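S.K.: Structure supplied as start.cif; contents: mmCIF, C-alpha atoms and all ligand atoms.
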```cif
data_coords
#
loop_
_atom_site.label_atom_id
_atom_site.label_comp_id
_atom_site.auth_asym_id
_atom_site.auth_seq_id
_atom_site.Cartn_x
_atom_site.Cartn_y
_atom_site.Cartn_z
CA MET A 1157 50.36 100.83 -10.51
CA GLU A 1158 48.59 98.99 -7.79
CA GLU A 1159 44.89 99.50 -7.97
CA LEU A 1160 42.32 99.32 -5.23
CA GLY A 1161 38.59 99.31 -5.51
CA LYS A 1162 37.36 97.67 -2.40
CA SER A 1163 34.48 97.72 -0.02
CA TYR A 1164 33.48 101.27 0.86
CA LEU A 1165 36.87 102.69 0.02
CA PRO A 1166 36.97 104.83 -3.11
CA ARG A 1167 38.91 103.47 -6.08
CA MET A 1168 42.52 104.54 -5.65
CA ARG A 1169 45.75 104.22 -7.57
CA PHE A 1170 49.04 104.16 -5.71
CA PRO A 1171 52.57 104.67 -6.94
CA LYS A 1172 54.53 101.48 -7.20
CA ARG A 1173 57.28 101.40 -4.57
CA ALA A 1174 60.46 99.38 -4.91
CA VAL A 1175 63.44 98.75 -2.63
CA ASP A 1176 66.80 98.02 -4.25
CA LYS A 1177 68.29 95.33 -2.01
CA GLU A 1178 71.75 95.91 -3.49
CA LYS A 1179 71.76 99.43 -2.08
CA CYS A 1180 69.57 99.10 1.04
CA ALA A 1181 71.51 99.04 4.33
CA LYS A 1182 68.42 97.99 6.35
CA CYS A 1183 68.68 101.17 8.47
CA GLY A 1184 64.90 101.22 8.94
CA ARG A 1185 64.52 104.96 8.35
CA CYS A 1186 61.87 104.46 5.66
CA MET A 1187 59.80 102.41 8.10
CA GLU A 1188 60.19 105.05 10.79
CA ALA A 1189 59.48 108.03 8.58
CA CYS A 1190 56.61 106.90 6.36
CA PRO A 1191 53.58 108.88 7.56
CA THR A 1192 51.24 106.04 6.70
CA GLY A 1193 53.27 103.07 7.94
CA GLY A 1194 53.79 101.92 4.37
CA PHE A 1195 56.93 99.85 4.99
CA VAL A 1196 57.53 96.93 7.33
CA ALA A 1197 60.62 94.79 7.81
CA GLY A 1198 60.48 91.58 5.81
CA PRO A 1199 61.90 88.26 7.07
CA ASP A 1200 65.34 89.20 5.66
CA GLY A 1201 65.22 92.65 7.34
CA PHE A 1202 64.72 94.57 4.11
CA PRO A 1203 61.78 96.99 4.04
CA VAL A 1204 58.71 95.71 2.25
CA PRO A 1205 56.02 98.07 0.96
CA VAL A 1206 52.67 97.16 2.52
CA GLY A 1207 49.09 98.17 2.92
CA TYR A 1208 46.87 97.46 5.91
CA GLY A 1209 43.45 97.89 7.39
CA GLY A 1210 41.71 97.41 4.07
CA PHE A 1211 44.27 99.29 1.99
CA GLU A 1212 46.28 97.26 -0.48
CA ALA A 1213 48.97 99.93 -0.43
CA ALA A 1214 49.54 102.66 2.11
CA CYS A 1215 51.26 105.41 0.18
CA ILE A 1216 50.28 109.05 -0.27
CA ASN A 1217 53.12 109.67 -2.71
CA CYS A 1218 54.94 112.16 -0.46
CA TRP A 1219 58.37 110.70 -1.36
CA ASN A 1220 59.55 111.04 2.20
CA CYS A 1221 61.01 107.53 2.02
CA VAL A 1222 63.00 108.52 -1.06
CA ALA A 1223 64.15 111.81 0.50
CA MET A 1224 65.46 110.30 3.71
CA CYS A 1225 66.94 107.00 2.48
CA PRO A 1226 70.71 107.54 2.86
CA ALA A 1227 71.45 104.80 0.33
CA GLY A 1228 69.11 105.98 -2.44
CA ALA A 1229 67.55 102.52 -2.38
CA ILE A 1230 63.88 103.45 -2.71
CA SER A 1231 62.08 104.36 -5.90
CA LEU A 1232 58.51 105.31 -6.62
CA ASP A 1233 56.81 105.07 -9.96
CA GLY A 1234 53.45 106.62 -10.76
CA ALA A 1235 51.12 108.94 -8.91
CA PHE A 1236 48.51 108.69 -6.16
CA SER A 1237 44.99 109.27 -7.33
CA ILE A 1238 41.48 108.79 -6.14
CA GLU A 1239 39.54 108.01 -9.22
CA GLU A 1240 35.93 108.52 -8.28
CA GLY A 1241 33.52 109.77 -5.65
CA PRO A 1242 33.74 112.93 -3.56
CA TYR A 1243 37.53 112.64 -3.07
CA LYS A 1244 38.35 112.33 -6.76
CA ASN A 1245 41.54 114.33 -7.12
CA ARG A 1246 42.23 116.70 -9.95
CA LEU A 1247 45.99 116.45 -10.25
CA THR A 1248 47.52 115.88 -13.66
CA GLY A 1249 49.61 112.85 -12.67
CA ASN A 1250 52.70 114.56 -14.08
CA MET A 1251 55.32 113.73 -11.45
CA SER A 1252 58.35 115.97 -11.85
CA TYR A 1253 61.26 117.59 -10.00
CA PRO A 1254 61.21 121.36 -9.39
CA ALA A 1255 61.54 123.20 -12.68
CA PRO A 1256 61.12 126.88 -11.82
CA LEU A 1257 63.01 128.26 -14.81
CA LEU A 1258 60.52 128.20 -17.65
CA GLY A 1259 61.76 126.37 -20.74
CA ASP A 1260 64.90 125.17 -18.93
CA GLY A 1261 65.14 121.38 -19.11
CA ARG A 1262 68.22 121.03 -16.89
CA PRO A 1263 68.04 118.74 -13.87
CA TYR A 1264 67.38 120.55 -10.57
CA ALA A 1265 70.94 120.11 -9.28
CA GLU A 1266 72.29 122.03 -12.28
CA LEU A 1267 69.93 124.98 -12.06
CA GLU A 1268 69.98 125.27 -8.26
CA PRO A 1269 72.95 127.70 -8.15
CA GLU A 1270 70.82 130.16 -10.10
CA LEU A 1271 68.02 130.09 -7.51
CA THR A 1272 67.62 132.35 -4.50
CA GLU A 1273 68.17 131.07 -0.96
CA VAL A 1274 64.40 131.24 -0.35
CA GLU A 1275 63.69 129.12 -3.43
CA ARG A 1276 66.23 126.53 -2.35
CA VAL A 1277 64.65 126.22 1.08
CA ILE A 1278 61.20 125.88 -0.51
CA TYR A 1279 62.25 123.07 -2.84
CA LYS A 1280 64.34 121.18 -0.30
CA ARG A 1281 62.02 121.36 2.71
CA ARG A 1282 60.54 117.97 3.52
CA SER A 1283 58.34 117.02 6.44
CA ASN A 1284 60.66 115.62 9.07
CA ARG A 1285 59.43 112.72 11.18
CA ILE A 1286 62.65 111.52 12.82
CA TYR A 1287 63.97 113.84 15.52
CA LYS A 1288 66.94 113.93 17.85
CA LYS A 1289 66.11 114.11 21.55
CA LYS A 1290 68.06 117.39 21.74
CA PRO A 1291 65.73 120.27 22.69
CA VAL A 1292 65.33 123.38 20.55
CA SER A 1293 66.40 126.51 22.45
CA ARG A 1294 63.88 129.17 23.37
CA GLU A 1295 65.92 131.64 21.29
CA LEU A 1296 65.54 129.55 18.14
CA LEU A 1297 61.84 128.89 18.72
CA HIS A 1298 61.35 132.62 19.15
CA ARG A 1299 63.22 133.24 15.92
CA VAL A 1300 60.87 130.85 14.10
CA ILE A 1301 57.75 132.41 15.60
CA GLU A 1302 58.95 135.91 14.77
CA ALA A 1303 59.02 134.90 11.08
CA GLY A 1304 55.32 134.08 11.50
CA ARG A 1305 54.55 137.46 13.04
CA PHE A 1306 55.70 139.17 9.87
CA ALA A 1307 53.46 137.08 7.61
CA PRO A 1308 50.82 138.93 5.65
CA SER A 1309 47.23 138.76 6.90
CA ALA A 1310 43.96 140.16 5.58
CA GLY A 1311 43.63 143.76 6.76
CA ASN A 1312 46.81 143.21 8.83
CA ASN A 1313 44.40 141.65 11.28
CA GLN A 1314 46.79 138.92 12.56
CA PRO A 1315 44.00 136.64 13.82
CA VAL A 1316 46.53 134.23 15.34
CA LYS A 1317 47.51 132.94 18.77
CA VAL A 1318 50.57 130.72 19.11
CA LEU A 1319 51.03 127.96 21.68
CA VAL A 1320 54.61 126.78 22.12
CA ILE A 1321 54.59 123.38 23.81
CA THR A 1322 57.83 121.80 24.98
CA ASP A 1323 56.40 119.90 27.96
CA GLN A 1324 56.49 116.31 26.68
CA SER A 1325 53.71 115.18 29.02
CA LEU A 1326 51.43 117.86 27.59
CA ILE A 1327 52.27 116.77 24.04
CA SER A 1328 51.36 113.20 25.06
CA GLU A 1329 48.08 114.47 26.54
CA ILE A 1330 47.20 116.08 23.21
CA GLU A 1331 48.03 112.84 21.42
CA GLU A 1332 45.88 110.82 23.82
CA GLY A 1333 43.00 113.28 23.47
CA ALA A 1334 43.28 113.06 19.70
CA MET A 1335 43.50 109.25 19.61
CA LYS A 1336 40.33 108.94 21.71
CA VAL A 1337 38.37 110.57 18.90
CA LEU A 1338 40.40 109.32 15.94
CA LYS A 1339 39.87 105.71 16.95
CA LEU A 1340 36.11 106.16 16.65
CA PHE A 1341 36.55 107.27 13.05
CA LYS A 1342 39.24 104.76 12.26
CA ASN A 1343 37.15 101.84 13.41
CA LEU A 1344 34.31 103.10 11.31
CA TYR A 1345 36.43 103.40 8.22
CA LEU A 1346 39.08 100.75 8.20
CA GLU A 1347 38.22 97.10 8.29
CA LYS A 1348 41.03 94.90 9.52
CA SER A 1349 39.44 91.87 7.89
CA GLY A 1350 38.90 93.76 4.63
CA ARG A 1351 35.34 92.41 4.64
CA ARG A 1352 32.54 94.77 3.86
CA LYS A 1353 30.07 95.57 6.58
CA ALA A 1354 26.88 96.95 5.08
CA TRP A 1355 25.97 99.30 7.92
CA LYS A 1356 29.46 100.82 8.05
CA SER A 1357 29.47 101.22 4.32
CA GLY A 1358 26.09 103.03 4.42
CA LEU A 1359 27.00 105.22 7.36
CA PHE A 1360 30.32 106.17 5.86
CA ALA A 1361 28.77 106.98 2.49
CA ALA A 1362 26.32 109.28 4.32
CA LEU A 1363 29.12 110.95 6.30
CA THR A 1364 31.08 111.71 3.14
CA LEU A 1365 28.17 113.82 1.93
CA PHE A 1366 28.42 116.15 4.92
CA MET A 1367 32.08 115.83 5.77
CA THR A 1368 33.78 115.59 2.39
CA GLY A 1369 37.45 116.31 2.94
CA LYS A 1370 37.29 115.23 6.55
CA THR A 1371 36.49 111.67 5.56
CA ASP A 1372 39.17 111.43 2.88
CA PRO A 1373 41.06 108.12 3.01
CA ARG A 1374 44.50 109.67 3.42
CA PRO A 1375 44.20 110.77 7.06
CA PHE A 1376 42.93 107.32 7.86
CA THR A 1377 46.17 105.67 6.88
CA ALA A 1378 47.95 108.20 9.12
CA MET A 1379 45.58 107.32 11.96
CA GLU A 1380 46.37 103.67 11.47
CA LYS A 1381 50.08 104.47 11.67
CA ALA A 1382 49.58 106.52 14.88
CA ASP A 1383 47.60 103.66 16.37
CA GLN A 1384 50.31 101.14 15.47
CA ASP A 1385 52.86 103.56 16.92
CA LYS A 1386 51.15 103.51 20.36
CA GLY A 1387 49.40 106.84 19.78
CA VAL A 1388 52.48 108.85 18.80
CA ILE A 1389 51.29 111.65 16.53
CA TYR A 1390 53.98 114.32 17.02
CA TRP A 1391 56.79 111.97 16.02
CA ARG A 1392 58.52 112.49 19.41
CA ALA A 1393 59.50 116.03 18.43
CA PRO A 1394 60.91 118.13 21.28
CA ALA A 1395 58.65 121.11 20.50
CA VAL A 1396 55.23 121.78 19.05
CA ILE A 1397 53.98 125.11 17.77
CA MET A 1398 50.19 125.21 17.61
CA LEU A 1399 48.39 127.96 15.73
CA LEU A 1400 44.97 129.05 16.90
CA LYS A 1401 42.72 131.32 14.89
CA ASN A 1402 40.61 134.13 16.23
CA THR A 1403 37.22 132.94 14.98
CA ARG A 1404 36.10 136.58 14.97
CA GLY A 1405 38.92 137.56 12.65
CA ILE A 1406 38.05 139.23 9.39
CA ALA A 1407 37.95 137.51 5.98
CA ASN A 1408 39.60 134.09 6.27
CA PRO A 1409 41.49 133.50 9.55
CA ASP A 1410 42.30 129.88 8.56
CA LEU A 1411 44.20 131.16 5.55
CA ASP A 1412 46.00 133.78 7.67
CA CYS A 1413 47.06 131.01 10.09
CA GLY A 1414 48.30 128.89 7.19
CA ILE A 1415 50.39 131.71 5.76
CA CYS A 1416 51.81 132.48 9.20
CA ALA A 1417 52.63 128.81 9.77
CA GLN A 1418 54.42 128.46 6.46
CA ASN A 1419 56.62 131.49 7.24
CA MET A 1420 57.60 129.69 10.45
CA VAL A 1421 58.26 126.39 8.66
CA LEU A 1422 60.48 127.96 6.02
CA ALA A 1423 62.38 129.98 8.62
CA ALA A 1424 62.89 126.82 10.68
CA HIS A 1425 64.33 124.89 7.72
CA SER A 1426 66.60 127.78 6.80
CA LEU A 1427 67.99 127.44 10.36
CA GLY A 1428 68.63 123.72 9.93
CA LEU A 1429 65.64 122.62 11.98
CA GLY A 1430 63.16 119.99 10.85
CA THR A 1431 59.39 120.48 10.93
CA CYS A 1432 56.25 118.56 10.19
CA TYR A 1433 52.76 119.98 10.05
CA ILE A 1434 50.55 117.92 12.32
CA GLY A 1435 46.89 118.29 11.50
CA LEU A 1436 45.59 115.01 12.92
CA PRO A 1437 44.71 116.30 16.41
CA MET A 1438 43.00 119.50 15.23
CA GLU A 1439 39.52 118.15 14.56
CA PRO A 1440 39.51 115.87 17.66
CA LEU A 1441 40.54 118.81 19.86
CA GLY A 1442 37.20 120.43 19.06
CA TYR A 1443 35.19 117.40 20.23
CA PRO A 1444 33.35 117.36 23.59
CA GLN A 1445 35.66 114.57 24.85
CA ASN A 1446 38.49 117.13 24.86
CA ALA A 1447 36.77 120.09 26.55
CA LYS A 1448 39.01 119.87 29.63
CA LEU A 1449 42.17 119.62 27.54
CA ARG A 1450 41.10 122.63 25.48
CA ARG A 1451 40.69 124.69 28.63
CA LYS A 1452 44.09 123.53 29.89
CA LEU A 1453 45.69 124.63 26.61
CA GLY A 1454 43.81 127.94 26.51
CA ILE A 1455 41.85 126.98 23.41
CA VAL A 1456 38.76 128.87 24.50
CA PRO A 1457 36.54 131.24 22.51
CA PRO A 1458 37.32 133.12 20.36
CA TRP A 1459 40.28 130.79 19.79
CA GLN A 1460 40.17 127.59 17.78
CA ALA A 1461 43.05 125.28 16.83
CA VAL A 1462 43.90 125.41 13.12
CA THR A 1463 47.16 123.55 12.73
CA SER A 1464 50.28 122.55 14.58
CA ILE A 1465 53.91 122.08 13.68
CA ALA A 1466 56.34 119.57 15.16
CA VAL A 1467 59.77 121.22 15.45
CA GLY A 1468 63.12 119.68 16.27
CA TRP A 1469 66.59 118.74 15.12
CA PRO A 1470 66.37 116.23 12.28
CA LYS A 1471 68.12 112.90 12.76
CA GLY A 1472 70.08 112.42 9.55
CA LYS A 1473 69.54 114.22 6.28
CA ILE A 1474 65.96 114.81 5.38
CA ASP A 1475 65.65 118.03 3.38
CA ALA A 1476 65.97 117.04 -0.27
CA VAL A 1477 64.24 117.68 -3.56
CA VAL A 1478 61.70 115.10 -4.65
CA LYS A 1479 59.30 114.64 -7.52
CA ARG A 1480 55.81 116.06 -7.04
CA ASP A 1481 52.51 115.76 -8.86
CA SER A 1482 51.23 118.83 -10.71
CA PHE A 1483 48.05 120.73 -10.08
CA PRO A 1484 46.33 122.29 -13.07
CA VAL A 1485 47.62 125.72 -14.07
CA GLU A 1486 45.57 127.71 -16.55
CA TRP A 1487 47.09 130.76 -18.15
CA LYS A 1488 44.36 133.14 -19.30
C1 LIG B 1501 47.78 121.15 7.12
C2 LIG B 1501 48.68 119.94 7.11
C3 LIG B 1501 48.45 118.90 7.99
C4 LIG B 1501 49.32 117.82 8.04
N1 LIG B 1501 49.14 116.86 8.99
C5 LIG B 1501 50.06 115.87 9.13
C6 LIG B 1501 49.96 114.96 10.21
O1 LIG B 1501 49.03 114.99 11.03
N2 LIG B 1501 50.93 114.02 10.33
C7 LIG B 1501 51.98 113.94 9.47
O2 LIG B 1501 52.84 113.08 9.64
N3 LIG B 1501 52.09 114.78 8.40
C8 LIG B 1501 51.16 115.76 8.24
N4 LIG B 1501 51.29 116.67 7.21
C9 LIG B 1501 52.43 116.59 6.29
C10 LIG B 1501 52.03 116.10 4.90
O3 LIG B 1501 51.82 114.72 4.91
C11 LIG B 1501 53.17 116.47 3.92
O4 LIG B 1501 53.30 117.86 3.90
C12 LIG B 1501 52.92 115.98 2.51
O5 LIG B 1501 52.86 114.57 2.48
C13 LIG B 1501 54.02 116.44 1.55
O6 LIG B 1501 55.28 116.01 2.01
P1 LIG B 1501 56.46 117.08 2.31
O7 LIG B 1501 55.94 118.01 3.38
O8 LIG B 1501 57.62 116.25 2.80
O9 LIG B 1501 56.74 117.82 1.05
C14 LIG B 1501 50.40 117.74 7.13
C15 LIG B 1501 50.60 118.77 6.21
C16 LIG B 1501 49.77 119.87 6.20
C17 LIG B 1501 50.05 121.00 5.25
#
```
Have the structure of the file written as structure tokens, please.
M.R.:
Amino acid sequence: MEELGKSYLPRMRFPKRAVDKEKCAKCGRCMEACPTGGFVAGPDGFPVPVGYGGFEAACINCWNCVAMCPAGAISLDGAFSIEEGPYKNRLTGNMSYPAPLLGDGRPYAELEPELTEVERVIYKRRSNRIYKKKPVSRELLHRVIEAGRFAPSAGNNQPVKVLVITDQSLISEIEEGAMKVLKLFKNLYLEKSGRRKAWKSGLFAALTLFMTGKTDPRPFTAMEKADQDKGVIYWRAPAVIMLLKNTRGIANPDLDCGICAQNMVLAAHSLGLGTCYIGLPMEPLGYPQNAKLRRKLGIVPPWQAVTSIAVGWPKGKIDAVVKRDSFPVEWK
């Protein structure tokens, strides 16, 4: 595993990525789809795993590159972990394919016929970041949203408002509004030169105390990718579904929004659509720089943006089972 303990970045371990040149057809899909810009074309055109902006490797271990490579040329070995500090993760490092049948050691492909349609969609759904230009019909978008309406919510309170955005110029406006704010953070966090700047280090250490979770290194690699990609955050998807919470909702409106969103995502994949949660613009949308944009979108009290979902027709095959790390499970 590549190891990184540098400057003000926490010590991280990344999975080791490899490209089999015998199999690779140089289609470039891994470079397009990696959420953190972790592959670039080498001099011979083959993808090369890279890091940038102070990161020795830019990989969050999502296995998207493995899922979408048509040639099966990419392999990952090991897990992603942050070893110390406020972001220290608590995963077990046990990377494994879905194994829902307890005590059944068969490979996923063999046990899949015994699973329900819902289970299959759950295990195969991957975040899709390469979309066809083809629009998604209003009928289909409605069908997806309707699945969200029937999600459970605390007290059946449904503290949700849904924005369906298909106007590409408005999607670009959201991206621009987000980038304005994200760049401030990115410049504070990532050092192109890799050299430590004492004041940034101190300021960032202080911020992590108050904003733990919001200053995690992972979104920063995504920001870097968006910046490299000329501010594209929604992956050129033809439609965006944004979920707003009613801040006066009972119990935990964020959770209700999340449950509602996941119903939509699973319904979308069962219909052959591709989706990708897009959280990057959510925090920036709340900043004063974006007050006008918020009003334009109707994100006014009591509403607050919680998450958004890029929706569209996937270009090529993307839904596939991958290995995943394991969170702790304690049986009491
Ligand atoms: C709340 C939330 C926010 C996310 N935000 C982004 C985002 O801004 N951009 C992006 O490309 N992916 C985003 N993702 C997708 C995650 O990177 C992805 O779900 C994770 O790496 C696992 O990969 P998988 O969805 O293919 O299983 C987000 C996911 C969630 C749940």
S.K.: Under the rule that only C-alpha atoms are counted, which of A:Lys1177, A:Lys1288, A:Arg1185, A:Arg1299 is the nearest residue to Ala1393 of chain A?
M.R.: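 Ranked by minimum distance to Ala1393 of chain A, first place goes to A:Lys1288.
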S.K.: Using all atoms listed in the file, find the one residue out of A:Lys1336, A:Arg1282, A:Lys1473, A:Lys1289 that sits nearest to ligand LIG 1501 (chain B).
M.R.: A:Arg1282
S.K.: Which residues, written as number ranges by chain, have at least one atom at most 8 Å from Val1337 of chain A, with all atoms listed in the file counted and residues fewer than 6 positions away on the same chain left out?
M.R.: A: 1440, 1443, 1445
S.K.: Give me the residues near segment 1365-1375 of chain A as number ranges by chain, where near means some atom within 8 Å (using all atoms listed in the file) and where sequence neighbours in that chain fewer than 6 positions away do not count.
M.R.: A: 1165, 1216, 1242-1243, 1436
S.K.: Nearest residue to Met1335 of chain A out of A:Trp1487, A:Phe1306, A:Trp1355, A:Tyr1390, using all atoms listed in the file?
M.R.: A:Tyr1390
S.K.: At a cut-off of 8 Å and counting only C-alpha atoms and all ligand atoms, what residues surround ligand LIG 1501 (chain B)? Please answer as a list in words.
M.R.: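 Answer in the requested format: Cys1190, Pro1191, Thr1192, Ile1216, Asn1217, Cys1218, Trp1219, Asn1220, Arg1281, Arg1282, Ser1283, Asn1284, Arg1285, Pro1375, Ala1378, Ile1389, Tyr1390, Trp1391, Gly1414, Cys1432, Tyr1433, Ile1434, Gly1435, Leu1436, Pro1437, Thr1463 and Ser1464 of chain A.
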S.K.: Calculated over only C-alpha atoms, which of the candidates A:Leu1344, A:Ile1474, A:Val1292, A:Pro1315 has the smallest distance to Arg1404 of chain A?
M.R.: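 For Arg1404 of chain A, the nearest of the given residues is A:Pro1315.
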S.K.: Residues near Ile1301 of chain A, anyone? I mean within 9 Å using all atoms listed in the file, not counting same-chain ones fewer than 6 positions away, as a list in words.
M.R.: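 Counting all atoms listed in the file, the residues come to Val1318, Ile1397, Cys1416, Ala1417, Asn1419, Met1420 and Ala1423 of chain A.
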S.K.: Centre and edge lengths of an axis-aligned box around all listed atoms of segment 1244-1251 of chain A, with 5 Å added on each side, are to be given in Å to one decimal, as JSON.
M.R.:
```
{"center_x": 46.8, "center_y": 114.5, "center_z": -10.4, "size_x": 27.0, "size_y": 14.4, "size_z": 17.3}
```
S.K.: Which residue, A:Leu1363, A:Leu1319, A:Leu1441, A:Leu1427, has the smallest gap to Glu1331 of chain A when you use all atoms listed in the file?
M.R.: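 Closest residue, counting all atoms listed in the file: A:Leu1441.
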S.K.: Any idea what the distance is between atom CA of Leu1258 of chain A and atom CA of Asn1245 of chain A?
M.R.: 25.8 Å
S.K.: Kindly write C-alpha atoms of segment 1248-1282 of chain A from the structure just given to a file, as an mmCIF file, in the first residue's frame.
M.R.:
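Output below, filename result-v2.cif:
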```cif
data_model
loop_
_atom_site.group_PDB
_atom_site.id
_atom_site.type_symbol
_atom_site.label_atom_id
_atom_site.label_comp_id
_atom_site.auth_asym_id
_atom_site.auth_seq_id
_atom_site.Cartn_x
_atom_site.Cartn_y
_atom_site.Cartn_z
ATOM 1 C CA THR A 1248 -12.065 -3.166 9.431
ATOM 2 C CA GLY A 1249 -10.076 -3.163 6.177
ATOM 3 C CA ASN A 1250 -11.790 -6.408 5.162
ATOM 4 C CA MET A 1251 -12.494 -5.803 1.472
ATOM 5 C CA SER A 1252 -15.037 -8.304 0.183
ATOM 6 C CA TYR A 1253 -17.754 -8.875 -2.405
ATOM 7 C CA PRO A 1254 -21.409 -8.970 -1.278
ATOM 8 C CA ALA A 1255 -22.012 -12.044 0.858
ATOM 9 C CA PRO A 1256 -25.589 -11.707 2.108
ATOM 10 C CA LEU A 1257 -26.198 -15.409 2.713
ATOM 11 C CA LEU A 1258 -24.637 -16.116 6.082
ATOM 12 C CA GLY A 1259 -22.138 -18.974 6.046
ATOM 13 C CA ASP A 1260 -22.326 -19.262 2.241
ATOM 14 C CA GLY A 1261 -18.854 -18.944 0.743
ATOM 15 C CA ARG A 1262 -19.950 -19.015 -2.915
ATOM 16 C CA PRO A 1263 -18.875 -16.174 -5.195
ATOM 17 C CA TYR A 1264 -21.535 -13.493 -5.718
ATOM 18 C CA ALA A 1265 -22.326 -14.561 -9.295
ATOM 19 C CA GLU A 1266 -23.313 -18.027 -8.062
ATOM 20 C CA LEU A 1267 -25.595 -16.905 -5.266
ATOM 21 C CA GLU A 1268 -27.198 -14.009 -7.159
ATOM 22 C CA PRO A 1269 -30.072 -16.109 -8.594
ATOM 23 C CA GLU A 1270 -31.200 -16.748 -5.025
ATOM 24 C CA LEU A 1271 -31.455 -13.021 -4.240
ATOM 25 C CA THR A 1272 -34.484 -10.797 -4.653
ATOM 26 C CA GLU A 1273 -34.664 -8.146 -7.385
ATOM 27 C CA VAL A 1274 -34.250 -5.429 -4.734
ATOM 28 C CA GLU A 1275 -31.096 -7.064 -3.378
ATOM 29 C CA ARG A 1276 -29.627 -7.343 -6.865
ATOM 30 C CA VAL A 1277 -30.213 -3.655 -7.540
ATOM 31 C CA ILE A 1278 -28.637 -2.759 -4.191
ATOM 32 C CA TYR A 1279 -25.470 -4.767 -4.837
ATOM 33 C CA LYS A 1280 -25.067 -3.738 -8.460
ATOM 34 C CA ARG A 1281 -25.795 -0.015 -8.169
ATOM 35 C CA ARG A 1282 -22.675 2.060 -8.713
#
```
